[in-house]
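model_0.cif follows (mmCIF, C-alpha atoms (C1' of nucleotides)):
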```cif
data_entry
loop_
_atom_site.label_atom_id
_atom_site.label_comp_id
_atom_site.auth_asym_id
_atom_site.auth_seq_id
_atom_site.Cartn_x
_atom_site.Cartn_y
_atom_site.Cartn_z
CA MET A 1 0.00 0.00 0.00
CA GLU A 2 1.12 3.51 -0.71
CA THR A 3 2.10 5.33 2.43
CA ARG A 4 1.95 9.01 3.22
CA ILE A 5 5.73 9.13 2.83
CA ASP A 6 5.44 7.63 -0.65
CA ARG A 7 2.99 10.30 -1.66
CA ILE A 8 5.19 13.05 -0.31
CA LYS A 9 8.09 11.54 -2.24
CA LYS A 10 6.01 11.79 -5.39
CA GLN A 11 5.14 15.39 -4.67
CA LEU A 12 8.81 16.20 -4.28
CA HIS A 13 9.70 14.39 -7.49
CA ALA A 14 6.95 16.19 -9.35
CA ALA A 15 8.69 19.42 -8.38
CA SER A 16 12.07 17.85 -9.20
CA TYR A 17 13.34 17.51 -5.68
CA LYS A 18 14.59 14.35 -4.07
CA LEU A 19 13.49 12.74 -0.85
CA THR A 20 16.95 12.52 0.68
CA PRO A 21 17.48 10.60 3.92
CA GLN A 22 17.58 13.87 5.85
CA ARG A 23 14.33 15.02 4.29
CA GLU A 24 12.69 11.68 4.93
CA ALA A 25 13.78 11.70 8.56
CA THR A 26 12.36 15.21 8.94
CA VAL A 27 9.05 14.21 7.41
CA ARG A 28 8.86 11.16 9.68
CA ILE A 29 9.24 13.39 12.71
CA LEU A 30 6.44 15.62 11.46
CA LEU A 31 4.24 12.58 10.88
CA ASP A 32 4.90 11.35 14.41
CA HIS A 33 4.06 14.74 15.86
CA GLU A 34 0.98 15.92 14.06
CA GLU A 35 -0.88 18.61 15.98
CA ASP A 36 2.21 19.32 18.07
CA HIS A 37 3.17 22.61 16.40
CA LEU A 38 6.88 21.96 16.51
CA SER A 39 9.41 24.72 16.03
CA ALA A 40 12.39 24.23 13.75
CA GLU A 41 14.51 23.70 16.85
CA ASP A 42 12.06 21.07 18.16
CA VAL A 43 12.15 19.24 14.86
CA TYR A 44 15.93 19.41 14.83
CA LEU A 45 16.28 17.88 18.27
CA LEU A 46 13.81 15.11 17.47
CA VAL A 47 15.21 14.32 14.06
CA LYS A 48 18.72 14.08 15.46
CA ASP A 49 17.62 10.90 17.26
CA ILE A 50 16.94 9.10 14.01
CA ALA A 51 19.47 10.91 11.82
CA PRO A 52 22.22 12.20 14.11
CA GLU A 53 24.33 13.73 11.37
CA ILE A 54 21.69 16.21 10.27
CA GLY A 55 22.32 19.94 10.62
CA LEU A 56 19.94 22.63 11.82
CA ALA A 57 20.26 24.53 8.56
CA THR A 58 19.15 21.44 6.68
CA VAL A 59 16.07 21.18 8.86
CA TYR A 60 15.26 24.79 8.11
CA ARG A 61 15.79 24.26 4.40
CA THR A 62 13.65 21.14 4.41
CA LEU A 63 10.83 22.80 6.31
CA GLU A 64 10.97 25.72 3.92
CA LEU A 65 10.81 23.38 0.93
CA LEU A 66 7.87 21.49 2.40
CA THR A 67 6.16 24.79 3.10
CA GLU A 68 6.57 25.89 -0.50
CA LEU A 69 5.05 22.63 -1.69
CA LYS A 70 2.20 23.16 0.80
CA ILE A 71 2.98 19.88 2.50
CA VAL A 72 3.50 21.69 5.76
CA ASP A 73 2.07 24.95 7.07
CA LYS A 74 4.35 27.47 8.72
CA ILE A 75 2.53 29.18 11.54
CA ASN A 76 3.34 31.96 13.86
CA PHE A 77 1.70 32.52 17.21
CA GLY A 78 3.55 35.74 17.86
CA ASP A 79 6.16 34.31 20.20
CA GLY A 80 8.97 34.91 17.74
CA VAL A 81 9.24 31.30 16.67
CA SER A 82 7.83 29.74 13.53
CA ARG A 83 6.06 26.45 13.96
CA TYR A 84 5.45 23.79 11.37
CA ASP A 85 2.40 21.59 10.90
CA LEU A 86 1.87 18.86 8.41
CA ARG A 87 -1.13 19.93 6.35
CA GLN A 88 -4.04 17.49 6.24
CA GLU A 89 -3.80 15.51 3.06
CA GLY A 90 -5.91 17.13 0.39
CA ALA A 91 -6.72 20.16 2.52
CA ALA A 92 -6.68 23.33 0.46
CA HIS A 93 -6.37 25.62 3.45
CA PHE A 94 -4.60 26.16 6.69
CA HIS A 95 -6.51 24.79 9.60
CA HIS A 96 -7.48 27.11 12.41
CA HIS A 97 -6.03 27.31 15.90
CA LEU A 98 -7.27 27.90 19.40
CA VAL A 99 -4.57 29.34 21.62
CA CYS A 100 -5.26 29.26 25.35
CA LEU A 101 -4.12 32.39 27.16
CA GLU A 102 -4.11 30.48 30.44
CA CYS A 103 -2.17 27.29 29.79
CA GLY A 104 -0.72 27.99 26.36
CA ALA A 105 -2.25 24.90 24.79
CA VAL A 106 -2.86 25.08 21.06
CA ASP A 107 -5.80 23.11 19.73
CA GLU A 108 -6.72 22.68 16.13
CA ILE A 109 -9.88 23.09 14.13
CA GLN A 110 -9.63 21.12 10.93
CA GLU A 111 -13.02 22.10 9.67
CA ASP A 112 -13.22 25.08 7.37
CA LEU A 113 -15.50 27.55 9.08
CA LEU A 114 -14.77 30.44 6.79
CA GLU A 115 -16.65 29.60 3.62
CA ASP A 116 -19.35 32.18 4.16
CA VAL A 117 -16.94 34.84 5.36
CA GLU A 118 -14.70 34.26 2.37
CA ALA A 119 -17.58 34.64 -0.03
CA VAL A 120 -18.30 38.03 1.51
CA VAL A 121 -14.67 39.14 1.41
CA GLU A 122 -14.15 38.06 -2.19
CA LYS A 123 -17.19 39.98 -3.28
CA ARG A 124 -17.06 43.08 -1.11
CA TRP A 125 -13.31 43.66 -1.17
CA ASN A 126 -12.76 42.27 -4.62
CA PHE A 127 -10.00 40.03 -3.32
CA GLN A 128 -9.15 36.57 -4.68
CA ILE A 129 -8.51 34.47 -1.61
CA LYS A 130 -5.81 31.81 -1.89
CA ASP A 131 -5.40 30.95 1.74
CA HIS A 132 -6.16 32.19 5.21
CA ARG A 133 -4.95 32.10 8.76
CA LEU A 134 -7.32 32.23 11.64
CA THR A 135 -6.38 31.99 15.28
CA PHE A 136 -8.59 32.50 18.29
CA HIS A 137 -7.11 33.57 21.58
CA GLY A 138 -9.02 32.78 24.72
CA ILE A 139 -9.59 30.25 27.47
CA CYS A 140 -9.68 26.58 26.53
CA TRP A 141 -12.03 23.96 27.87
CA ARG A 142 -9.36 22.67 30.25
CA CYS A 143 -8.96 26.02 31.99
CA HIS A 144 -12.59 27.08 32.00
CA ASP A 145 -14.62 27.98 35.06
CA SER A 146 -17.21 25.58 33.77
CA GLY A 147 -14.61 22.89 34.29
CA PRO A 148 -12.98 20.39 31.98
CA ASN A 149 -15.49 19.49 29.37
CA LYS A 150 -13.87 18.16 26.31
CA PRO A 151 -15.46 19.38 23.12
CA GLU A 152 -17.01 17.05 20.61
CA LYS A 153 -14.49 15.54 18.29
CA ASP A 154 -13.59 17.82 15.43
CA ALA A 155 -16.01 17.07 12.63
CA MET B 1 -11.99 69.00 23.22
CA GLU B 2 -10.43 65.79 24.35
CA THR B 3 -8.05 64.39 21.79
CA ARG B 4 -7.13 60.83 21.09
CA ILE B 5 -3.79 61.48 22.77
CA ASP B 6 -5.57 62.68 25.89
CA ARG B 7 -7.59 59.51 26.05
CA ILE B 8 -4.51 57.37 25.62
CA LYS B 9 -2.86 59.34 28.39
CA LYS B 10 -5.78 58.51 30.64
CA GLN B 11 -5.54 54.84 29.74
CA LEU B 12 -1.88 54.86 30.67
CA HIS B 13 -2.57 56.64 33.96
CA ALA B 14 -5.32 54.20 34.78
CA ALA B 15 -2.71 51.47 34.56
CA SER B 16 -0.25 53.69 36.48
CA TYR B 17 2.05 54.48 33.61
CA LYS B 18 3.07 57.91 32.44
CA LEU B 19 2.82 59.42 29.00
CA THR B 20 6.44 60.46 28.75
CA PRO B 21 7.62 62.63 25.85
CA GLN B 22 9.08 59.56 24.15
CA ARG B 23 5.84 57.66 24.51
CA GLU B 24 3.83 60.60 23.28
CA ALA B 25 6.08 61.00 20.24
CA THR B 26 5.69 57.30 19.46
CA VAL B 27 1.91 57.47 19.74
CA ARG B 28 1.84 60.52 17.46
CA ILE B 29 3.72 58.60 14.81
CA LEU B 30 1.25 55.75 15.08
CA LEU B 31 -1.64 58.20 14.79
CA ASP B 32 -0.10 59.73 11.66
CA HIS B 33 0.38 56.31 10.10
CA GLU B 34 -2.79 54.39 10.75
CA GLU B 35 -3.23 51.47 8.39
CA ASP B 36 0.46 51.54 7.53
CA HIS B 37 1.48 48.45 9.50
CA LEU B 38 4.77 49.90 10.67
CA SER B 39 7.52 47.73 12.07
CA ALA B 40 9.36 48.75 15.22
CA GLU B 41 12.23 49.88 13.03
CA ASP B 42 9.86 51.97 10.88
CA VAL B 43 8.42 53.62 13.96
CA TYR B 44 11.89 54.25 15.30
CA LEU B 45 13.05 56.00 12.14
CA LEU B 46 9.92 58.14 11.97
CA VAL B 47 9.85 59.03 15.63
CA LYS B 48 13.49 60.10 15.52
CA ASP B 49 12.41 63.05 13.38
CA ILE B 50 10.28 64.49 16.14
CA ALA B 51 12.25 63.16 19.12
CA PRO B 52 15.83 62.59 17.95
CA GLU B 53 17.15 61.42 21.30
CA ILE B 54 14.88 58.38 21.47
CA GLY B 55 16.41 54.90 21.45
CA LEU B 56 15.23 51.82 19.59
CA ALA B 57 14.83 49.89 22.83
CA THR B 58 12.46 52.56 24.12
CA VAL B 59 10.35 52.26 20.99
CA TYR B 60 10.16 48.51 21.52
CA ARG B 61 9.25 48.98 25.16
CA THR B 62 6.61 51.55 24.32
CA LEU B 63 5.04 49.41 21.62
CA GLU B 64 5.00 46.47 23.98
CA LEU B 65 3.33 48.56 26.66
CA LEU B 66 0.72 49.84 24.23
CA THR B 67 0.12 46.30 23.07
CA GLU B 68 -0.49 45.12 26.62
CA LEU B 69 -3.00 47.92 27.11
CA LYS B 70 -4.65 46.91 23.82
CA ILE B 71 -4.07 50.37 22.42
CA VAL B 72 -2.08 48.88 19.58
CA ASP B 73 -2.19 45.46 17.96
CA LYS B 74 1.00 43.58 17.28
CA ILE B 75 0.68 41.67 14.06
CA ASN B 76 2.83 39.26 12.22
CA PHE B 77 2.60 38.50 8.54
CA GLY B 78 5.22 35.79 8.67
CA ASP B 79 8.13 37.85 7.37
CA GLY B 80 9.93 37.76 10.69
CA VAL B 81 9.03 41.31 11.64
CA SER B 82 6.34 42.38 14.04
CA ARG B 83 4.13 45.21 12.93
CA TYR B 84 2.10 47.56 15.06
CA ASP B 85 -1.34 49.00 14.37
CA LEU B 86 -3.28 51.45 16.45
CA ARG B 87 -6.48 49.65 17.38
CA GLN B 88 -9.72 51.41 16.42
CA GLU B 89 -11.04 53.24 19.42
CA GLY B 90 -13.51 51.08 21.23
CA ALA B 91 -12.84 48.05 19.07
CA ALA B 92 -12.84 44.87 21.10
CA HIS B 93 -11.01 42.86 18.50
CA PHE B 94 -8.16 42.85 16.07
CA HIS B 95 -9.21 43.91 12.65
CA HIS B 96 -8.64 41.57 9.74
CA HIS B 97 -6.06 41.83 6.98
CA LEU B 98 -5.85 41.13 3.29
CA VAL B 99 -2.30 40.40 2.20
CA CYS B 100 -1.68 40.48 -1.53
CA LEU B 101 0.67 37.75 -2.72
CA GLU B 102 1.39 39.74 -5.85
CA CYS B 103 2.26 43.24 -4.71
CA GLY B 104 2.55 42.75 -0.96
CA ALA B 105 -0.07 45.36 -0.13
CA VAL B 106 -1.87 44.91 3.15
CA ASP B 107 -5.44 46.14 3.32
CA GLU B 108 -7.62 46.22 6.36
CA ILE B 109 -11.10 45.06 7.16
CA GLN B 110 -12.40 46.92 10.18
CA GLU B 111 -15.72 45.19 10.21
CA ASP B 112 -16.04 42.14 12.41
CA LEU B 113 -16.99 39.31 10.10
CA LEU B 114 -16.51 36.55 12.62
CA GLU B 115 -19.49 36.85 14.91
CA ASP B 116 -21.22 33.77 13.55
CA VAL B 117 -18.06 31.73 13.37
CA GLU B 118 -17.15 32.68 16.93
CA ALA B 119 -20.53 31.60 18.21
CA VAL B 120 -19.93 28.19 16.65
CA VAL B 121 -16.42 27.88 18.05
CA GLU B 122 -17.40 28.91 21.57
CA LYS B 123 -20.15 26.34 21.62
CA ARG B 124 -18.61 23.42 19.73
CA TRP B 125 -15.08 23.66 21.11
CA ASN B 126 -16.08 25.02 24.49
CA PHE B 127 -13.59 27.85 24.12
CA GLN B 128 -14.03 31.36 25.57
CA ILE B 129 -12.84 33.65 22.81
CA LYS B 130 -11.03 36.81 23.91
CA ASP B 131 -9.58 37.88 20.61
CA HIS B 132 -8.83 36.64 17.14
CA ARG B 133 -6.49 37.10 14.24
CA LEU B 134 -7.65 36.58 10.72
CA THR B 135 -5.58 37.17 7.63
CA PHE B 136 -6.44 36.32 4.05
CA HIS B 137 -3.72 35.73 1.53
CA GLY B 138 -4.56 36.22 -2.11
CA ILE B 139 -4.69 38.67 -4.98
CA CYS B 140 -5.87 42.19 -4.28
CA TRP B 141 -8.15 44.31 -6.46
CA ARG B 142 -5.14 46.23 -7.80
CA CYS B 143 -3.45 43.10 -9.16
CA HIS B 144 -6.54 41.30 -10.39
CA ASP B 145 -7.16 40.11 -13.90
CA SER B 146 -10.49 41.82 -13.69
CA GLY B 147 -8.54 45.04 -13.41
CA PRO B 148 -8.40 47.74 -10.79
CA ASN B 149 -11.77 47.97 -9.21
CA LYS B 150 -11.62 49.49 -5.83
CA PRO B 151 -13.89 47.84 -3.32
CA GLU B 152 -16.68 49.69 -1.61
CA LYS B 153 -15.51 51.64 1.38
CA ASP B 154 -15.20 49.50 4.47
CA ALA B 155 -18.54 49.61 6.23
"C1'" DT C 1 14.05 72.71 49.81
"C1'" DT C 2 16.67 68.35 50.39
"C1'" DT C 3 16.59 63.52 50.29
"C1'" DA C 4 15.01 59.08 49.12
"C1'" DT C 5 12.43 56.26 45.99
"C1'" DT C 6 10.77 54.75 41.84
"C1'" DA C 7 9.95 54.79 36.96
"C1'" DT C 8 11.96 55.59 32.68
"C1'" DT C 9 15.49 56.31 29.49
"C1'" DT C 10 19.80 55.67 26.53
"C1'" DA C 11 23.52 53.16 24.44
"C1'" DG C 12 25.36 49.39 23.50
"C1'" DA C 13 26.02 44.55 24.46
"C1'" DA C 14 23.79 40.17 24.32
"C1'" DT C 15 20.55 36.81 22.71
"C1'" DC C 16 17.95 34.13 19.75
"C1'" DA C 17 15.88 32.50 15.47
"C1'" DT C 18 16.97 32.21 10.95
"C1'" DT C 19 19.77 32.47 6.71
"C1'" DC C 20 23.99 32.51 4.19
"C1'" DT C 21 28.60 30.81 2.73
"C1'" DT C 22 31.86 27.59 1.63
"C1'" DA C 23 33.56 23.41 0.71
"C1'" DA C 24 32.48 18.66 0.55
"C1'" DC C 25 29.57 14.92 -0.97
"C1'" DT C 26 26.01 12.39 -3.81
"C1'" DG C 27 23.89 10.23 -7.72
"C1'" DG C 28 23.19 10.35 -12.39
"C1'" DT C 29 25.09 10.71 -16.98
"C1'" DA C 30 28.08 11.35 -21.03
"C1'" DT D 1 36.47 8.30 -15.81
"C1'" DA D 2 35.11 13.11 -15.46
"C1'" DC D 3 31.41 16.12 -15.06
"C1'" DC D 4 27.30 18.41 -13.28
"C1'" DA D 5 23.35 19.69 -10.68
"C1'" DG D 6 21.40 19.07 -6.32
"C1'" DT D 7 22.15 18.57 -1.50
"C1'" DT D 8 24.55 18.68 2.68
"C1'" DA D 9 27.17 20.04 7.31
"C1'" DA D 10 29.47 23.41 9.92
"C1'" DG D 11 29.87 27.45 11.36
"C1'" DA D 12 29.78 32.38 10.34
"C1'" DA D 13 26.70 36.12 9.53
"C1'" DT D 14 22.46 38.58 9.88
"C1'" DG D 15 18.70 40.90 11.78
"C1'" DA D 16 15.01 41.46 15.09
"C1'" DT D 17 14.38 41.83 19.72
"C1'" DT D 18 15.65 42.00 24.62
"C1'" DC D 19 18.72 42.78 28.34
"C1'" DT D 20 22.14 45.44 31.24
"C1'" DA D 21 24.10 49.21 33.44
"C1'" DA D 22 24.37 53.68 34.37
"C1'" DA D 23 22.10 58.11 33.92
"C1'" DT D 24 17.99 60.94 34.30
"C1'" DA D 25 13.54 62.55 35.53
"C1'" DA D 26 9.47 62.48 38.26
"C1'" DT D 27 7.35 61.78 42.80
"C1'" DA D 28 6.92 61.42 47.61
"C1'" DA D 29 8.60 62.09 52.15
"C1'" DA D 30 10.92 64.78 55.58
#
```
Show the structure stored in the file as structure tokens.
Amino acid sequence: METRIDRIKKQLHAASYKLTPQREATVRILLDHEEDHLSAEDVYLLVKDIAPEIGLATVYRTLELLTELKIVDKINFGDGVSRYDLRQEGAAHFHHHLVCLECGAVDEIQEDLLEDVEAVVEKRWNFQIKDHRLTFHGICWRCHDSGPNKPEKDA
Amino acid sequence: METRIDRIKKQLHAASYKLTPQREATVRILLDHEEDHLSAEDVYLLVKDIAPEIGLATVYRTLELLTELKIVDKINFGDGVSRYDLRQEGAAHFHHHLVCLECGAVDEIQEDLLEDVEAVVEKRWNFQIKDHRLTFHGICWRCHDSGPNKPEKDA
DNA sequence: TTTATTATTTAGAATCATTCTTAACTGGTA
DNA sequence: TACCAGTTAAGAATGATTCTAAATAATAAA
């Protein structure tokens, strides 16, 4: 069966890049840490375990390449560090984030909630939307007064 | 009549900070450059004209202070530089941005388009929203195939 | 007023994330 | 074999931001 790695390899080849061992190791780390919002440094430390000879600059270059190919999303929560998320396969857009001001947790919303808003923006502001970034800042269900009350699973 | 500067002064005093000459000069620059998305460096260069003795660190500290008091919004378009916008008086939220991938222009949407979406998020993800950041990436009306066609004035 | 206290500032050093440079290495190909 | 484009590691360089130390200004107390 074709794995996610195989498909990423194809995407790279289609853009005439190779899936070198360093790149593969980096992608494996991202696959093992979906939803973890790793920084380049985080990825570097993790990938060193499975590919000790890799350099930080290579990790940066790989993440940049994957970002260009829209395999990963580079996000920025304003703390001065870029974070990298594997994009859902087939997803056309960034997913959204919920950042808790209390505990710092970052949760994800995979569902695209912006269809209606985008229709309005495209029409009213005459702007062709290619992508979006939406982050909510607030208090997560874990830190709530109303007590821990896990939300329904993301639809 | 009470000016915007006067009101900002009051806000500072309420939080037991002073509106020093350096801070006032910085605020004046921000007032003269609304919608310009200035970086700290930009502000520094501009403010030096009216207060030559000011230091870059002071500009950073002032912008940080104003951000804490929600007088300015610190935004980040992913180019590694923080930008600072005076928040609309009385606005509870960040305004939204349209970033053109073609020409790099950044337009603003003052109107809050997210009320419905926020209601959904608060309920479904059990998350108390305090603020949000929404940026659309795409092609602006100036760069469009359909030709320059300025959007209606922001409602 | 003088003195003590505190907040604020400047200048420049320090830090931290990120990118660049150089030389070495790889795989494919003529 | 020699060549060539792509890729890499190591460390230097860059650039934004923050910290440090000493100076200054404002405020309160005596």
Using only C-alpha atoms (C1' of nucleotides), I'd like every residue of chain C that has an atom within 12 Å of chain A; please write them out as a list in words.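 Residues satisfying the distance criterion: DC16, DA17, DT18, DT19, DC20, DT21, DT26 and DG27 of chain C.
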Let me know the residues the PyMOL selection byres ((chain A) within 10 of (chain D)) catches in the file above, as a PyMOL selection string. chain A and resi 16-18+20+22+53-58+80
Got a sec to resolve the PyMOL selection byres ((chain A and resi 103) around 10) on this structure and send the residues as a list in words?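 Selected by the PyMOL selection byres ((chain A and resi 103) around 10) in this file: Val99, Cys100, Leu101, Glu102, Gly104, Ala105, Val106, Ile139, Cys140, Arg142 and Cys143 of chain A.
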Superposition of chain A onto chain B by least squares over all sequentially paired C-alpha atoms; the transformed chain is requested as a short mmCIF file (atom, residue, chain, number, x, y, z; two decimals) with C-alpha atoms, keeping the file's coordinate frame.
```cif
data_model
loop_
_atom_site.label_atom_id
_atom_site.label_comp_id
_atom_site.auth_asym_id
_atom_site.auth_seq_id
_atom_site.Cartn_x
_atom_site.Cartn_y
_atom_site.Cartn_z
CA MET A 1 -11.96 69.06 23.08
CA GLU A 2 -10.42 65.85 24.25
CA THR A 3 -8.05 64.42 21.70
CA ARG A 4 -7.12 60.84 21.03
CA ILE A 5 -3.77 61.51 22.71
CA ASP A 6 -5.56 62.76 25.82
CA ARG A 7 -7.57 59.58 26.01
CA ILE A 8 -4.50 57.43 25.60
CA LYS A 9 -2.84 59.44 28.36
CA LYS A 10 -5.77 58.61 30.60
CA GLN A 11 -5.54 54.94 29.74
CA LEU A 12 -1.87 54.96 30.67
CA HIS A 13 -2.56 56.77 33.93
CA ALA A 14 -5.32 54.34 34.79
CA ALA A 15 -2.70 51.61 34.58
CA SER A 16 -0.23 53.83 36.47
CA TYR A 17 2.07 54.59 33.60
CA LYS A 18 3.08 58.02 32.41
CA LEU A 19 2.83 59.49 28.96
CA THR A 20 6.47 60.52 28.71
CA PRO A 21 7.65 62.65 25.80
CA GLN A 22 9.12 59.57 24.13
CA ARG A 23 5.86 57.68 24.51
CA GLU A 24 3.86 60.62 23.23
CA ALA A 25 6.11 60.99 20.20
CA THR A 26 5.71 57.28 19.47
CA VAL A 27 1.94 57.48 19.73
CA ARG A 28 1.88 60.51 17.43
CA ILE A 29 3.76 58.55 14.80
CA LEU A 30 1.25 55.72 15.08
CA LEU A 31 -1.61 58.19 14.76
CA ASP A 32 -0.06 59.69 11.64
CA HIS A 33 0.40 56.27 10.10
CA GLU A 34 -2.77 54.37 10.76
CA GLU A 35 -3.23 51.43 8.41
CA ASP A 36 0.47 51.50 7.54
CA HIS A 37 1.48 48.42 9.54
CA LEU A 38 4.77 49.86 10.70
CA SER A 39 7.51 47.69 12.12
CA ALA A 40 9.35 48.70 15.27
CA GLU A 41 12.23 49.81 13.08
CA ASP A 42 9.88 51.91 10.91
CA VAL A 43 8.43 53.57 13.98
CA TYR A 44 11.91 54.21 15.32
CA LEU A 45 13.08 55.93 12.16
CA LEU A 46 9.95 58.07 11.97
CA VAL A 47 9.88 58.99 15.62
CA LYS A 48 13.51 60.04 15.52
CA ASP A 49 12.44 62.99 13.34
CA ILE A 50 10.31 64.45 16.10
CA ALA A 51 12.26 63.13 19.09
CA PRO A 52 15.84 62.57 17.93
CA GLU A 53 17.16 61.40 21.28
CA ILE A 54 14.90 58.37 21.48
CA GLY A 55 16.41 54.88 21.49
CA LEU A 56 15.23 51.80 19.63
CA ALA A 57 14.81 49.87 22.87
CA THR A 58 12.48 52.56 24.14
CA VAL A 59 10.36 52.25 21.03
CA TYR A 60 10.15 48.52 21.57
CA ARG A 61 9.24 48.98 25.21
CA THR A 62 6.61 51.57 24.36
CA LEU A 63 5.05 49.43 21.66
CA GLU A 64 4.99 46.50 24.05
CA LEU A 65 3.30 48.62 26.72
CA LEU A 66 0.71 49.90 24.26
CA THR A 67 0.11 46.34 23.12
CA GLU A 68 -0.52 45.19 26.68
CA LEU A 69 -3.02 47.99 27.16
CA LYS A 70 -4.65 46.98 23.86
CA ILE A 71 -4.07 50.42 22.42
CA VAL A 72 -2.08 48.91 19.60
CA ASP A 73 -2.23 45.48 17.99
CA LYS A 74 0.97 43.59 17.31
CA ILE A 75 0.65 41.66 14.10
CA ASN A 76 2.79 39.22 12.29
CA PHE A 77 2.57 38.47 8.60
CA GLY A 78 5.18 35.76 8.74
CA ASP A 79 8.06 37.82 7.40
CA GLY A 80 9.91 37.73 10.70
CA VAL A 81 9.01 41.26 11.67
CA SER A 82 6.30 42.34 14.08
CA ARG A 83 4.12 45.19 12.96
CA TYR A 84 2.09 47.53 15.09
CA ASP A 85 -1.33 49.00 14.40
CA LEU A 86 -3.27 51.44 16.46
CA ARG A 87 -6.49 49.66 17.39
CA GLN A 88 -9.71 51.41 16.41
CA GLU A 89 -11.02 53.25 19.41
CA GLY A 90 -13.51 51.10 21.24
CA ALA A 91 -12.86 48.07 19.06
CA ALA A 92 -12.85 44.89 21.11
CA HIS A 93 -11.04 42.86 18.49
CA PHE A 94 -8.19 42.85 16.08
CA HIS A 95 -9.23 43.91 12.65
CA HIS A 96 -8.64 41.56 9.75
CA HIS A 97 -6.07 41.84 6.99
CA LEU A 98 -5.87 41.15 3.30
CA VAL A 99 -2.33 40.43 2.20
CA CYS A 100 -1.69 40.52 -1.54
CA LEU A 101 0.65 37.80 -2.74
CA GLU A 102 1.37 39.81 -5.88
CA CYS A 103 2.23 43.31 -4.70
CA GLY A 104 2.53 42.78 -0.96
CA ALA A 105 -0.08 45.40 -0.12
CA VAL A 106 -1.88 44.92 3.17
CA ASP A 107 -5.45 46.16 3.34
CA GLU A 108 -7.63 46.22 6.38
CA ILE A 109 -11.11 45.05 7.18
CA GLN A 110 -12.41 46.88 10.20
CA GLU A 111 -15.73 45.14 10.24
CA ASP A 112 -16.06 42.09 12.43
CA LEU A 113 -17.02 39.26 10.12
CA LEU A 114 -16.51 36.50 12.61
CA GLU A 115 -19.50 36.77 14.91
CA ASP A 116 -21.23 33.70 13.55
CA VAL A 117 -18.03 31.68 13.35
CA GLU A 118 -17.14 32.59 16.91
CA ALA A 119 -20.52 31.49 18.18
CA VAL A 120 -19.91 28.10 16.60
CA VAL A 121 -16.39 27.79 17.98
CA GLU A 122 -17.39 28.79 21.50
CA LYS A 123 -20.12 26.22 21.54
CA ARG A 124 -18.58 23.32 19.65
CA TRP A 125 -15.05 23.56 21.02
CA ASN A 126 -16.04 24.88 24.40
CA PHE A 127 -13.56 27.71 24.06
CA GLN A 128 -14.00 31.21 25.51
CA ILE A 129 -12.81 33.53 22.79
CA LYS A 130 -11.02 36.70 23.90
CA ASP A 131 -9.58 37.79 20.60
CA HIS A 132 -8.81 36.57 17.13
CA ARG A 133 -6.51 37.08 14.21
CA LEU A 134 -7.65 36.57 10.70
CA THR A 135 -5.59 37.17 7.60
CA PHE A 136 -6.46 36.33 4.03
CA HIS A 137 -3.75 35.75 1.49
CA GLY A 138 -4.58 36.25 -2.14
CA ILE A 139 -4.70 38.72 -5.00
CA CYS A 140 -5.91 42.24 -4.27
CA TRP A 141 -8.16 44.35 -6.42
CA ARG A 142 -5.18 46.29 -7.77
CA CYS A 143 -3.49 43.19 -9.16
CA HIS A 144 -6.57 41.37 -10.39
CA ASP A 145 -7.18 40.20 -13.93
CA SER A 146 -10.51 41.92 -13.69
CA GLY A 147 -8.54 45.13 -13.37
CA PRO A 148 -8.39 47.82 -10.72
CA ASN A 149 -11.77 48.04 -9.17
CA LYS A 150 -11.63 49.55 -5.79
CA PRO A 151 -13.92 47.87 -3.30
CA GLU A 152 -16.71 49.70 -1.56
CA LYS A 153 -15.53 51.61 1.43
CA ASP A 154 -15.20 49.45 4.50
CA ALA A 155 -18.54 49.54 6.27
#
```
I want to know what sits within 12 Å of Arg7 (chain A), based on all atoms listed in the file, with residues of the same chain fewer than 5 positions away left out; could you give that as a PyMOL selection string? chain A and resi 1-2+12-14+19+24+27+71+89-90
Evaluate the PyMOL selection byres ((chain A) within 10 of (chain B)) and record the selected residues as JSON, numbers by chain, following the chain and residue labels used in the document. {"A": [74, 75, 76, 77, 78, 79, 80, 81, 82, 96, 97, 98, 99, 100, 101, 107, 108, 109, 113, 114, 116, 117, 118, 120, 121, 122, 123, 124, 125, 126, 127, 128, 129, 130, 131, 132, 133, 134, 135, 136, 137, 138, 139, 140, 141, 142, 143, 144, 146, 148, 149, 150, 151, 152, 153, 154, 155]}
Within 12 Å of Asp49 (chain B), counting all atoms listed in the file, which residues show up once you throw out same-chain ones fewer than 5 positions away? Write them as a PyMOL selection string, please. chain B and resi 22+25-26+28-29+42-44+54
Axis-aligned box for region 30-33 of chain B, 6 Å per side, centre and edges in Å as JSON:
```
{"center_x": -0.2, "center_y": 57.7, "center_z": 12.6, "size_x": 14.9, "size_y": 16.0, "size_z": 17.0}
```
I'd like the interatomic distance between CA of Leu66 (chain B) and C1' of DA11 (chain C), to a tenth of an Å.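 The value is 23.0 Å.
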One decimal, Å: what's the distance from CA of Ala92 (chain A) over to CA of Arg23 (chain A), could you say? 22.9 Å
Could you state the separation of C1' of DT8 (chain C) and CA of Lys10 (chain B) in Å, given to one decimal place?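 CA of Lys10 (chain B) lies 18.1 Å from C1' of DT8 (chain C).
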